[in-house]
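Novice: My structure is in final-v9.cif, and what it holds is mmCIF, C-alpha atoms (C1' of nucleotides):
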data_run
#
loop_
_atom_site.label_atom_id
_atom_site.label_comp_id
_atom_site.auth_asym_id
_atom_site.auth_seq_id
_atom_site.Cartn_x
_atom_site.Cartn_y
_atom_site.Cartn_z
CA MET C 1 -5.38 -29.94 -11.61
CA ALA C 2 -8.55 -29.31 -9.63
CA THR C 3 -9.65 -26.44 -11.79
CA ARG C 4 -11.77 -24.74 -9.14
CA THR C 5 -14.51 -26.97 -7.95
CA ASP C 6 -12.76 -27.12 -4.60
CA ALA C 7 -14.62 -26.30 -1.46
CA PRO C 8 -14.15 -22.61 -0.75
CA THR C 9 -11.46 -21.92 1.78
CA ARG C 10 -12.29 -20.29 5.08
CA ARG C 11 -10.74 -17.01 3.96
CA GLU C 12 -12.98 -16.98 0.91
CA GLN C 13 -16.06 -17.71 2.98
CA ILE C 14 -15.23 -14.86 5.28
CA LEU C 15 -14.57 -12.46 2.44
CA LYS C 16 -17.84 -13.33 0.77
CA GLU C 17 -19.91 -12.80 3.90
CA ALA C 18 -18.01 -9.66 4.83
CA ALA C 19 -18.71 -8.23 1.40
CA LEU C 20 -22.43 -8.82 1.84
CA LEU C 21 -22.48 -7.25 5.27
CA PHE C 22 -20.32 -4.26 4.31
CA ALA C 23 -22.50 -3.61 1.30
CA GLU C 24 -25.65 -3.79 3.41
CA ARG C 25 -24.71 -1.71 6.38
CA GLY C 26 -21.42 -0.03 5.60
CA PHE C 27 -17.92 -0.81 6.81
CA HIS C 28 -18.29 0.97 10.14
CA GLY C 29 -21.80 -0.40 10.55
CA VAL C 30 -20.70 -4.02 10.82
CA GLY C 31 -18.94 -5.51 13.83
CA VAL C 32 -16.36 -8.26 13.65
CA ASP C 33 -18.64 -10.44 15.77
CA GLU C 34 -21.30 -10.30 13.06
CA ILE C 35 -18.84 -11.22 10.37
CA GLY C 36 -17.68 -14.14 12.47
CA ALA C 37 -21.25 -15.24 13.16
CA ALA C 38 -21.96 -15.20 9.43
CA VAL C 39 -19.41 -17.96 8.88
CA GLY C 40 -20.21 -19.88 12.05
CA ILE C 41 -17.24 -18.84 14.13
CA SER C 42 -17.39 -16.01 16.53
CA GLY C 43 -15.62 -12.70 16.92
CA PRO C 44 -11.88 -12.85 17.35
CA GLY C 45 -11.56 -16.14 15.51
CA LEU C 46 -11.31 -14.03 12.38
CA TYR C 47 -7.87 -12.90 13.46
CA ARG C 48 -6.51 -16.34 12.58
CA HIS C 49 -7.19 -15.43 8.95
CA PHE C 50 -6.88 -11.67 8.69
CA ALA C 51 -4.73 -9.06 10.36
CA GLY C 52 -7.80 -7.00 11.15
CA LYS C 53 -11.09 -5.69 9.90
CA ASP C 54 -9.32 -3.19 7.64
CA ALA C 55 -7.40 -5.99 5.98
CA MET C 56 -10.62 -7.68 4.90
CA LEU C 57 -11.91 -4.53 3.26
CA ALA C 58 -8.55 -3.95 1.61
CA GLU C 59 -8.42 -7.44 0.17
CA LEU C 60 -11.96 -7.10 -1.12
CA LEU C 61 -11.37 -3.77 -2.84
CA VAL C 62 -7.99 -4.67 -4.28
CA GLY C 63 -9.50 -7.93 -5.48
CA ILE C 64 -12.37 -6.20 -7.22
CA SER C 65 -10.36 -3.60 -9.06
CA GLY C 66 -7.72 -6.19 -9.87
CA ARG C 67 -10.22 -8.58 -11.37
CA LEU C 68 -11.88 -5.84 -13.40
CA LEU C 69 -8.54 -4.74 -14.79
CA THR C 70 -7.32 -8.26 -15.49
CA GLY C 71 -10.55 -9.14 -17.25
CA GLY C 72 -10.34 -5.99 -19.34
CA LYS C 73 -6.74 -6.65 -20.31
CA ARG C 74 -7.57 -10.21 -21.24
CA ARG C 75 -10.34 -9.08 -23.56
CA VAL C 76 -8.06 -6.53 -25.19
CA ALA C 77 -5.38 -9.17 -25.70
CA GLU C 78 -7.83 -11.69 -27.12
CA SER C 79 -9.14 -9.21 -29.66
CA ASP C 80 -5.64 -8.14 -30.65
CA GLY C 81 -5.90 -6.12 -33.82
CA GLY C 82 -9.57 -6.90 -34.28
CA ASP C 83 -12.52 -4.58 -34.72
CA PRO C 84 -12.54 -1.91 -31.97
CA GLU C 85 -16.33 -1.92 -32.06
CA VAL C 86 -16.38 -5.60 -31.19
CA LEU C 87 -13.80 -5.04 -28.47
CA LEU C 88 -15.84 -2.23 -26.94
CA ASP C 89 -18.85 -4.54 -26.90
CA SER C 90 -16.72 -7.16 -25.22
CA LEU C 91 -15.61 -4.73 -22.51
CA ILE C 92 -19.17 -3.65 -21.91
CA GLU C 93 -20.32 -7.24 -21.70
CA GLY C 94 -17.61 -8.12 -19.21
CA HIS C 95 -18.43 -5.18 -16.99
CA ILE C 96 -22.14 -5.99 -17.08
CA ASP C 97 -21.47 -9.60 -16.09
CA PHE C 98 -19.54 -8.34 -13.11
CA ALA C 99 -22.18 -5.78 -12.19
CA LEU C 100 -24.96 -8.35 -12.35
CA ASP C 101 -23.15 -11.22 -10.66
CA ASP C 102 -21.30 -9.37 -7.92
CA ARG C 103 -23.65 -6.65 -6.87
CA PRO C 104 -22.39 -6.31 -3.31
CA LEU C 105 -18.86 -5.87 -4.61
CA ILE C 106 -20.03 -3.18 -7.01
CA THR C 107 -21.59 -1.40 -4.06
CA LEU C 108 -18.44 -1.61 -1.98
CA HIS C 109 -16.32 -0.59 -4.89
CA ASP C 110 -17.33 3.04 -4.93
CA ARG C 111 -18.69 3.38 -1.42
CA GLU C 112 -15.99 2.33 1.00
CA LEU C 113 -12.81 3.25 -0.83
CA ASP C 114 -12.10 6.09 1.58
CA ARG C 115 -12.00 3.71 4.55
CA LEU C 116 -8.73 2.21 3.34
CA ARG C 117 -5.22 2.81 4.57
CA ASP C 118 -3.39 5.29 2.36
CA SER C 119 -1.22 2.71 0.65
CA ASP C 120 -4.11 0.38 -0.12
CA ARG C 121 -6.23 3.23 -1.37
CA LYS C 122 -3.48 4.35 -3.71
CA LEU C 123 -3.17 0.83 -5.06
CA VAL C 124 -6.89 0.53 -5.69
CA ARG C 125 -7.02 3.96 -7.29
CA GLN C 126 -4.16 3.02 -9.58
CA LEU C 127 -5.89 -0.18 -10.69
CA GLN C 128 -9.11 1.73 -11.27
CA ARG C 129 -7.28 4.37 -13.30
CA GLN C 130 -5.64 1.76 -15.50
CA TYR C 131 -9.02 0.17 -16.10
CA VAL C 132 -10.50 3.52 -17.07
CA GLU C 133 -7.60 4.30 -19.39
CA LEU C 134 -8.09 0.96 -21.09
CA TRP C 135 -11.66 1.90 -21.89
CA VAL C 136 -10.71 5.44 -22.92
CA GLU C 137 -8.21 4.10 -25.42
CA ILE C 138 -10.66 1.72 -27.07
CA LEU C 139 -13.45 4.28 -26.98
CA ARG C 140 -11.32 6.78 -28.87
CA GLU C 141 -10.54 4.19 -31.49
CA VAL C 142 -14.23 3.71 -32.08
CA TYR C 143 -14.98 7.45 -31.91
CA PRO C 144 -11.84 9.31 -33.03
CA SER C 145 -13.73 12.60 -32.85
CA LEU C 146 -13.95 12.29 -29.07
CA ALA C 147 -11.40 14.38 -27.17
CA GLU C 148 -9.61 12.65 -24.34
CA PRO C 149 -11.13 14.54 -21.37
CA ALA C 150 -14.61 14.03 -22.77
CA ALA C 151 -13.87 10.37 -23.36
CA ARG C 152 -12.76 9.93 -19.78
CA SER C 153 -15.88 11.64 -18.48
CA ALA C 154 -17.99 9.48 -20.75
CA VAL C 155 -16.37 6.31 -19.46
CA HIS C 156 -16.95 7.32 -15.83
CA SER C 157 -20.56 8.12 -16.61
CA VAL C 158 -21.15 4.82 -18.35
CA PHE C 159 -19.64 3.05 -15.34
CA GLY C 160 -22.24 4.90 -13.29
CA LEU C 161 -24.90 3.60 -15.63
CA LEU C 162 -23.69 0.00 -15.59
CA ASN C 163 -23.08 0.04 -11.85
CA SER C 164 -26.67 1.05 -11.22
CA THR C 165 -27.62 -2.62 -10.95
CA PRO C 166 -27.87 -2.56 -7.15
CA HIS C 167 -30.66 0.01 -7.52
CA LEU C 168 -32.59 -2.08 -10.01
CA GLY C 169 -34.74 -3.90 -7.49
CA ARG C 170 -33.90 -7.33 -6.16
CA PRO C 171 -33.55 -10.13 -8.71
CA GLY C 172 -37.06 -11.24 -9.49
CA SER C 173 -38.60 -7.86 -10.10
CA LEU C 174 -36.26 -7.64 -13.07
CA PRO C 175 -37.29 -8.72 -16.57
CA GLY C 176 -34.73 -11.50 -16.28
CA ARG C 177 -30.98 -11.40 -16.32
CA GLY C 178 -30.54 -11.69 -20.06
CA ALA C 179 -32.97 -8.92 -20.87
CA THR C 180 -31.45 -6.64 -18.27
CA ALA C 181 -27.94 -7.26 -19.56
CA GLU C 182 -29.09 -6.52 -23.08
CA LEU C 183 -30.84 -3.33 -22.04
CA LEU C 184 -27.80 -2.07 -20.15
CA HIS C 185 -25.60 -2.91 -23.12
CA ARG C 186 -27.75 -0.98 -25.57
CA MET C 187 -27.93 2.01 -23.23
CA ALA C 188 -24.17 2.07 -22.76
CA ARG C 189 -23.59 2.03 -26.50
CA GLY C 190 -26.24 4.70 -26.97
CA ALA C 191 -24.64 6.89 -24.33
CA PHE C 192 -21.20 6.56 -25.92
CA ALA C 193 -22.54 7.29 -29.38
CA ALA C 194 -24.31 10.39 -28.09
CA ALA C 195 -21.16 11.52 -26.29
CA ALA C 196 -19.30 11.45 -29.59
CA ALA C 197 -21.98 13.29 -31.54
CA MET S 198 -40.04 39.90 2.20
CA ALA S 199 -36.39 39.02 2.41
CA THR S 200 -36.50 36.64 -0.51
CA ARG S 201 -33.56 34.50 0.62
CA THR S 202 -30.40 36.53 0.71
CA ASP S 203 -30.48 36.12 4.47
CA ALA S 204 -27.49 34.87 6.34
CA PRO S 205 -27.77 31.10 6.62
CA THR S 206 -29.21 29.96 9.91
CA ARG S 207 -27.19 27.84 12.28
CA ARG S 208 -29.19 24.76 11.42
CA GLU S 209 -28.40 25.27 7.75
CA GLN S 210 -24.71 25.75 8.45
CA ILE S 211 -24.64 22.54 10.43
CA LEU S 212 -26.51 20.60 7.77
CA LYS S 213 -24.17 21.83 5.07
CA GLU S 214 -21.02 20.84 6.94
CA ALA S 215 -22.51 17.56 8.09
CA ALA S 216 -23.33 16.71 4.48
CA LEU S 217 -19.73 17.33 3.45
CA LEU S 218 -18.35 15.23 6.28
CA PHE S 219 -20.83 12.39 5.83
CA ALA S 220 -20.09 12.28 2.11
CA GLU S 221 -16.35 12.20 2.76
CA ARG S 222 -16.09 9.65 5.51
CA GLY S 223 -19.49 8.04 5.88
CA PHE S 224 -22.14 8.52 8.54
CA HIS S 225 -20.51 6.25 11.10
CA GLY S 226 -17.08 7.63 10.25
CA VAL S 227 -17.85 11.13 11.50
CA GLY S 228 -18.16 12.08 15.15
CA VAL S 229 -20.48 14.74 16.48
CA ASP S 230 -17.44 16.61 17.78
CA GLU S 231 -16.12 16.98 14.25
CA ILE S 232 -19.43 18.26 12.96
CA GLY S 233 -19.50 20.75 15.77
CA ALA S 234 -15.92 21.82 15.10
CA ALA S 235 -16.78 22.40 11.44
CA VAL S 236 -19.23 25.14 12.41
CA GLY S 237 -17.13 26.59 15.22
CA ILE S 238 -19.01 25.12 18.17
CA SER S 239 -18.03 21.96 19.83
CA GLY S 240 -19.62 18.61 20.38
CA PRO S 241 -22.82 18.58 22.32
CA GLY S 242 -23.72 22.13 21.30
CA LEU S 243 -25.33 20.53 18.29
CA TYR S 244 -28.07 19.14 20.49
CA ARG S 245 -29.53 22.64 20.78
CA HIS S 246 -30.43 22.33 17.10
CA PHE S 247 -30.97 18.65 16.42
CA ALA S 248 -32.37 15.78 18.42
CA GLY S 249 -29.35 13.68 17.52
CA LYS S 250 -26.91 12.66 14.84
CA ASP S 251 -29.53 10.50 13.17
CA ALA S 252 -31.85 13.47 12.90
CA MET S 253 -29.28 15.39 10.87
CA LEU S 254 -28.91 12.58 8.38
CA ALA S 255 -32.66 12.16 8.19
CA GLU S 256 -33.24 15.84 7.50
CA LEU S 257 -30.55 15.80 4.81
CA LEU S 258 -31.91 12.76 3.00
CA VAL S 259 -35.56 13.79 3.24
CA GLY S 260 -34.56 17.25 2.05
CA ILE S 261 -32.71 15.90 -0.96
CA SER S 262 -35.39 13.57 -2.19
CA GLY S 263 -38.04 16.15 -1.41
CA ARG S 264 -36.29 18.83 -3.42
CA LEU S 265 -35.72 16.51 -6.36
CA LEU S 266 -39.38 15.52 -6.41
CA THR S 267 -40.64 19.07 -5.97
CA GLY S 268 -38.39 20.34 -8.75
CA GLY S 269 -39.55 17.56 -11.04
CA LYS S 270 -43.21 18.21 -10.31
CA ARG S 271 -42.71 21.93 -10.92
CA ARG S 272 -41.19 21.26 -14.32
CA VAL S 273 -44.03 18.92 -15.24
CA ALA S 274 -46.58 21.51 -14.16
CA GLU S 275 -44.85 24.32 -16.06
CA SER S 276 -44.78 22.30 -19.27
CA ASP S 277 -48.45 21.31 -18.88
CA GLY S 278 -49.57 19.79 -22.12
CA GLY S 279 -46.39 20.78 -23.95
CA ASP S 280 -44.00 18.65 -25.93
CA PRO S 281 -42.92 15.59 -23.89
CA GLU S 282 -39.51 15.74 -25.55
CA VAL S 283 -39.00 19.24 -24.19
CA LEU S 284 -40.23 18.17 -20.78
CA LEU S 285 -37.84 15.22 -20.70
CA ASP S 286 -35.00 17.60 -21.53
CA SER S 287 -36.14 19.84 -18.72
CA LEU S 288 -36.12 16.97 -16.22
CA ILE S 289 -32.66 15.93 -17.32
CA GLU S 290 -31.41 19.48 -17.05
CA GLY S 291 -32.82 19.85 -13.56
CA HIS S 292 -31.26 16.63 -12.38
CA ILE S 293 -27.90 17.57 -13.86
CA ASP S 294 -27.96 20.95 -12.13
CA PHE S 295 -28.53 19.17 -8.87
CA ALA S 296 -25.84 16.58 -9.52
CA LEU S 297 -23.28 19.22 -10.40
CA ASP S 298 -24.13 21.74 -7.69
CA ASP S 299 -24.75 19.42 -4.76
CA ARG S 300 -22.28 16.63 -5.23
CA PRO S 301 -21.99 15.70 -1.55
CA LEU S 302 -25.74 15.35 -1.34
CA ILE S 303 -25.75 13.12 -4.40
CA THR S 304 -23.20 10.95 -2.67
CA LEU S 305 -25.21 10.73 0.53
CA HIS S 306 -28.38 10.11 -1.37
CA ASP S 307 -27.57 6.56 -2.39
CA ARG S 308 -24.93 5.72 0.15
CA GLU S 309 -26.37 6.29 3.60
CA LEU S 310 -30.04 5.57 3.14
CA ASP S 311 -29.82 2.37 5.14
CA ARG S 312 -28.60 4.22 8.22
CA LEU S 313 -32.02 5.81 8.72
CA ARG S 314 -34.76 4.91 11.17
CA ASP S 315 -37.41 2.76 9.55
CA SER S 316 -39.99 5.51 9.30
CA ASP S 317 -37.59 8.01 7.80
CA ARG S 318 -36.25 5.48 5.35
CA LYS S 319 -39.75 4.65 4.22
CA LEU S 320 -40.47 8.33 3.67
CA VAL S 321 -37.32 8.84 1.62
CA ARG S 322 -37.98 5.70 -0.41
CA GLN S 323 -41.49 6.91 -1.12
CA LEU S 324 -40.26 10.28 -2.33
CA GLN S 325 -37.63 8.60 -4.49
CA ARG S 326 -40.23 6.26 -5.95
CA GLN S 327 -42.54 9.13 -6.84
CA TYR S 328 -39.65 10.89 -8.53
CA VAL S 329 -38.82 7.79 -10.55
CA GLU S 330 -42.45 7.30 -11.54
CA LEU S 331 -42.57 10.88 -12.74
CA TRP S 332 -39.68 10.19 -15.10
CA VAL S 333 -41.10 6.85 -16.18
CA GLU S 334 -44.36 8.46 -17.18
CA ILE S 335 -42.74 11.16 -19.27
CA LEU S 336 -40.26 8.71 -20.76
CA ARG S 337 -43.07 6.48 -21.96
CA GLU S 338 -44.77 9.44 -23.57
CA VAL S 339 -41.63 10.11 -25.55
CA TYR S 340 -41.02 6.42 -26.32
CA PRO S 341 -44.41 4.65 -26.32
CA SER S 342 -42.72 1.46 -27.45
CA LEU S 343 -40.95 1.16 -24.10
CA ALA S 344 -42.54 -1.28 -21.67
CA GLU S 345 -42.94 -0.09 -18.12
CA PRO S 346 -40.40 -2.39 -16.39
CA ALA S 347 -37.78 -1.54 -19.01
CA ALA S 348 -38.58 2.15 -18.65
CA ARG S 349 -38.10 1.96 -14.91
CA SER S 350 -34.78 0.18 -15.30
CA ALA S 351 -33.73 2.74 -17.88
CA VAL S 352 -34.55 5.59 -15.52
CA HIS S 353 -32.55 4.07 -12.68
CA SER S 354 -29.63 3.52 -15.01
CA VAL S 355 -29.70 7.07 -16.29
CA PHE S 356 -29.77 8.29 -12.70
CA GLY S 357 -26.62 6.25 -12.22
CA LEU S 358 -25.13 7.96 -15.23
CA LEU S 359 -26.07 11.48 -14.12
CA ASN S 360 -25.09 10.83 -10.51
CA SER S 361 -21.59 9.85 -11.58
CA THR S 362 -20.49 13.47 -11.16
CA PRO S 363 -18.70 12.79 -7.86
CA HIS S 364 -16.39 10.43 -9.76
CA LEU S 365 -15.61 12.96 -12.47
CA GLY S 366 -12.53 14.42 -10.80
CA ARG S 367 -12.62 17.55 -8.75
CA PRO S 368 -13.92 20.72 -10.46
CA GLY S 369 -11.00 22.06 -12.43
CA SER S 370 -9.96 18.86 -14.14
CA LEU S 371 -13.32 19.04 -15.86
CA PRO S 372 -13.81 20.70 -19.27
CA GLY S 373 -15.94 23.32 -17.52
CA ARG S 374 -19.34 23.06 -15.99
CA GLY S 375 -21.28 23.98 -19.11
CA ALA S 376 -19.51 21.44 -21.28
CA THR S 377 -19.90 18.72 -18.67
CA ALA S 378 -23.60 19.41 -18.29
CA GLU S 379 -24.03 19.29 -22.02
CA LEU S 380 -22.12 16.03 -22.33
CA LEU S 381 -24.16 14.39 -19.57
CA HIS S 382 -27.36 15.61 -21.19
CA ARG S 383 -26.47 14.17 -24.58
CA MET S 384 -25.46 10.86 -23.03
CA ALA S 385 -28.69 10.59 -21.05
CA ARG S 386 -30.75 11.20 -24.16
CA GLY S 387 -28.64 8.74 -26.10
CA ALA S 388 -29.08 6.09 -23.43
CA PHE S 389 -32.85 6.56 -23.37
CA ALA S 390 -33.10 6.44 -27.15
CA ALA S 391 -31.07 3.23 -27.19
CA ALA S 392 -33.23 1.72 -24.48
CA ALA S 393 -36.29 2.26 -26.65
CA ALA S 394 -34.67 0.86 -29.79
"C1'" DC I 395 -33.53 46.60 35.56
"C1'" DA I 396 -35.17 42.12 36.52
"C1'" DG I 397 -35.52 37.66 34.38
"C1'" DG I 398 -35.81 34.22 31.08
"C1'" DG I 399 -34.78 31.75 27.15
"C1'" DA I 400 -31.49 30.75 23.31
"C1'" DG I 401 -27.25 28.90 22.61
"C1'" DG I 402 -23.15 27.83 24.26
"C1'" DT I 403 -19.55 25.30 27.63
"C1'" DT I 404 -17.12 21.13 30.10
"C1'" DA I 405 -17.43 16.73 32.62
"C1'" DG I 406 -18.70 12.38 32.49
"C1'" DC I 407 -21.65 8.13 31.86
"C1'" DG I 408 -22.76 3.92 29.38
"C1'" DG I 409 -22.34 1.22 25.63
"C1'" DT I 410 -20.01 -0.57 21.66
"C1'" DC I 411 -16.20 -2.12 19.13
"C1'" DG I 412 -11.58 -3.67 17.50
"C1'" DT I 413 -8.05 -6.07 19.23
"C1'" DT I 414 -5.11 -8.91 22.36
"C1'" DA I 415 -4.18 -12.56 25.78
"C1'" DA I 416 -4.55 -16.95 27.46
"C1'" DC I 417 -6.26 -21.20 26.93
"C1'" DC I 418 -8.25 -25.42 24.55
"C1'" DT I 419 -8.71 -29.18 21.04
"C1'" DG I 420 -8.39 -32.44 17.37
"C1'" DA I 421 -5.90 -34.25 13.66
"C1'" DA I 422 -1.58 -35.04 11.16
"C1'" DG I 423 3.29 -36.82 11.22
"C1'" DG I 424 7.60 -38.65 12.72
"C1'" DC J 425 2.51 -42.11 21.40
"C1'" DC J 426 3.93 -37.83 21.81
"C1'" DT J 427 4.29 -33.37 19.69
"C1'" DT J 428 2.92 -29.63 17.11
"C1'" DC J 429 0.14 -26.52 15.10
"C1'" DA J 430 -3.94 -24.69 12.74
"C1'" DG J 431 -7.97 -22.94 14.13
"C1'" DG J 432 -10.94 -22.24 17.44
"C1'" DT J 433 -12.76 -20.47 22.36
"C1'" DT J 434 -13.87 -16.82 26.24
"C1'" DA J 435 -12.42 -12.82 29.03
"C1'" DA J 436 -11.10 -8.49 29.17
"C1'" DC J 437 -8.85 -4.04 28.01
"C1'" DG J 438 -8.75 0.46 26.07
"C1'" DA J 439 -10.46 3.70 23.03
"C1'" DC J 440 -14.11 6.04 21.11
"C1'" DC J 441 -18.56 7.85 20.65
"C1'" DG J 442 -23.35 9.50 21.23
"C1'" DC J 443 -25.72 11.74 24.48
"C1'" DT J 444 -27.07 13.90 29.08
"C1'" DA J 445 -26.30 16.85 33.06
"C1'" DA J 446 -25.10 20.87 35.05
"C1'" DC J 447 -23.67 25.23 34.52
"C1'" DC J 448 -22.66 29.76 32.30
"C1'" DT J 449 -23.55 34.04 29.51
"C1'" DC J 450 -25.52 37.09 26.66
"C1'" DC J 451 -29.44 39.58 24.74
"C1'" DC J 452 -34.05 40.65 24.40
"C1'" DT J 453 -38.24 42.13 26.49
"C1'" DG J 454 -41.92 43.76 29.83
#
Before we go any further, please render this structure as structure tokens.
Specialist:
Amino acid sequence: MATRTDAPTRREQILKEAALLFAERGFHGVGVDEIGAAVGISGPGLYRHFAGKDAMLAELLVGISGRLLTGGKRRVAESDGGDPEVLLDSLIEGHIDFALDDRPLITLHDRELDRLRDSDRKLVRQLQRQYVELWVEILREVYPSLAEPAARSAVHSVFGLLNSTPHLGRPGSLPGRGATAELLHRMARGAFAAAAA
Amino acid sequence: MATRTDAPTRREQILKEAALLFAERGFHGVGVDEIGAAVGISGPGLYRHFAGKDAMLAELLVGISGRLLTGGKRRVAESDGGDPEVLLDSLIEGHIDFALDDRPLITLHDRELDRLRDSDRKLVRQLQRQYVELWVEILREVYPSLAEPAARSAVHSVFGLLNSTPHLGRPGSLPGRGATAELLHRMARGAFAAAAA
DNA sequence: CAGGGAGGTTAGCGGTCGTTAACCTGAAGG
DNA sequence: CCTTCAGGTTAACGACCGCTAACCTCCCTG
């Protein structure tokens, strides 16, 4: 079982480069020729791997929201019955890892959703909603005083806070990854606590 | 002196509709014909008011960052020498008002900046930076323990939190504007306090 | 009442872009 | 050794889009 040290497949290469380009210049701002050039093939060669430009964006966005949700569910399952406070910290930590390690995907995530076909957009929205509801549930266990609509707003706002990483200056101007992660974590907890006050 | 109850000028109409369309479908996703149609004229009629599509976006983005900065400076000036805590609350309140009342502009603000000509983008970035520095300064008066890089990160993150309003479900699903504003305000303060801890 | 400018109109040009068609090539497999 | 097929190539089409040109029509003003 080659547990994932394999060379990345062509599809994966393409998706990675497309994500970077889309994040930089927007979906409509990038041509298929540029995406091809980024992986060393040119233009229409991409159509051997994807049905079209839209399909790449769809796979990226579905992948992102899917991975977020799966990771969240896994953490919930692992903590089963444990301290909700610890679980909330675990969720926050997972989201921060994602926000710090996959910044272009974070950017795409809430920027290009409207460029999707109706069916894909509905799928992504549904995954996002499930992820939010997961957080809402845990949050209300930690802060039972928090009404559900307020909890949902609070979760969206904290996502806004955590997803601010692309605005935090390119890696290097930051105080280091660990310190940044810790700062974001503290702020998220502080924001939640204040929301429940 | 007609203090601003005047009918909106054509330019203003166009800018308003263009902002809505750009926020909905992205700069490249909107044609000039659609912008024209939105104000009752069609296509190239826009060129009587703007040098081009780019010019509309530029005016919108410069206007946004300019208004944010001006509003912030005004609040600082008004509080001159007063309690920094009160001033910080005032800045937060001002930003929330903007985020709640001009949601499409908030969306544009951090989504389409890269579509600008170099000179315009530099101008907008400079205005944004000044606005951030304004917050950083006040924040460090309130929390002297906070180092400058951390303060800057904290400010960007809180902007992410406050600018999450477009994700908060369309007006109506919200607990009411006042309650939302209050919630956001508490969370921002909580996040800052936690950052300084 | 001339005339001129502000603010429209439609037609159309030139460029870009996503996608398809037709063709090529090298390596694997019977 | 021949075949097949995955994965490329270039050429080109058709649609769209930003913008200009040329023209029209009020309305204001001297």
Novice: Do you have the atom CA of Asp102 of chain C-atom CA of Glu141 of chain C distance handy?
Specialist: 29.2 Å
Novice: With a distance cut-off of 9 Å and only C-alpha atoms (C1' of nucleotides), select the neighbouring residues of Arg189 of chain C, excluding the residue or stretch itself and same-chain residues fewer than 6 positions from it, and output the selection as a list in words.
Specialist: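 Within the cut-off, the hits are Leu88, Asp89, Ile92 and Val158 of chain C; Gly387, Ala388 and Ala391 of chain S.
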Novice: Pick out the residues sitting within 12 Å of Arg349 of chain S, and hand them over as a list in words; count only C-alpha atoms (C1' of nucleotides), and ignore anything fewer than 6 positions along from it in its own chain.
Specialist: His167, Leu168, Gly169, Ser173, Leu174, Pro175, Thr180 and Leu183 of chain C; Arg326, Gln327, Tyr328, Val329, Glu330, Leu331, Trp332, Val333, Glu334, Ile335, Leu336, Arg337, Leu343, Val355, Phe356, Phe389, Ala392 and Ala393 of chain S
Novice: Pick from J:DC443, J:DC451, J:DA430, J:DC425: nearest to DA421 of chain I, with only C-alpha atoms (C1' of nucleotides) counted?
Specialist: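 Using only C-alpha atoms (C1' of nucleotides), DA421 of chain I sits closest to J:DA430.
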Novice: Give me the result of the PyMOL selection byres ((chain C) within 12 of (chain J)) on this file, residue by residue, as a list of chain:residue names.
Specialist: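 That expression, the PyMOL selection byres ((chain C) within 12 of (chain J)), corresponds here to C:Arg10, C:Gly36, C:Gly40, C:Ile41, C:Ser42, C:Gly43, C:Pro44, C:Gly45, C:Leu46, C:Tyr47, C:Arg48, C:His49.
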Novice: Using all atoms listed in the file, find which residues of chain C lie within 10 Å of chain I and jot them down as a compact mmCIF listing (two decimals) with C-alpha atoms, in the coordinates of the input.
Specialist:
# COMPACT_ATOMS: atom_id res chain seq x y z
CA HIS C 28 -18.29 0.97 10.14
CA VAL C 30 -20.70 -4.02 10.82
CA GLY C 31 -18.94 -5.51 13.83
CA VAL C 32 -16.36 -8.26 13.65
CA ASP C 33 -18.64 -10.44 15.77
CA GLY C 43 -15.62 -12.70 16.92
CA PRO C 44 -11.88 -12.85 17.35
CA TYR C 47 -7.87 -12.90 13.46
CA ALA C 51 -4.73 -9.06 10.36
CA GLY C 52 -7.80 -7.00 11.15
CA LYS C 53 -11.09 -5.69 9.90
Novice: Taking the partial coordinates given, rebuild segment 177-185 of chain C to contain N, CA and C atoms; return it as a compact mmCIF listing (two decimals), in the frame of the given file.
Specialist:
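Contents of part_3.txt, as written:
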# COMPACT_ATOMS: atom_id res chain seq x y z
N ARG C 177 -32.37 -11.83 -16.21
CA ARG C 177 -30.98 -11.40 -16.32
C ARG C 177 -30.56 -11.06 -17.75
N GLY C 178 -30.94 -11.92 -18.68
CA GLY C 178 -30.54 -11.69 -20.06
C GLY C 178 -31.08 -10.38 -20.60
N ALA C 179 -32.36 -10.15 -20.36
CA ALA C 179 -32.97 -8.92 -20.87
C ALA C 179 -32.35 -7.69 -20.25
N THR C 180 -32.07 -7.78 -18.94
CA THR C 180 -31.45 -6.64 -18.27
C THR C 180 -30.06 -6.37 -18.84
N ALA C 181 -29.28 -7.42 -19.00
CA ALA C 181 -27.94 -7.26 -19.56
C ALA C 181 -28.01 -6.60 -20.94
N GLU C 182 -28.97 -7.06 -21.73
CA GLU C 182 -29.09 -6.52 -23.08
C GLU C 182 -29.49 -5.04 -23.04
N LEU C 183 -30.42 -4.72 -22.16
CA LEU C 183 -30.84 -3.33 -22.04
C LEU C 183 -29.67 -2.43 -21.64
N LEU C 184 -28.93 -2.87 -20.60
CA LEU C 184 -27.80 -2.07 -20.15
C LEU C 184 -26.79 -1.90 -21.28
N HIS C 185 -26.56 -2.97 -22.01
CA HIS C 185 -25.60 -2.91 -23.12
C HIS C 185 -26.03 -1.87 -24.17
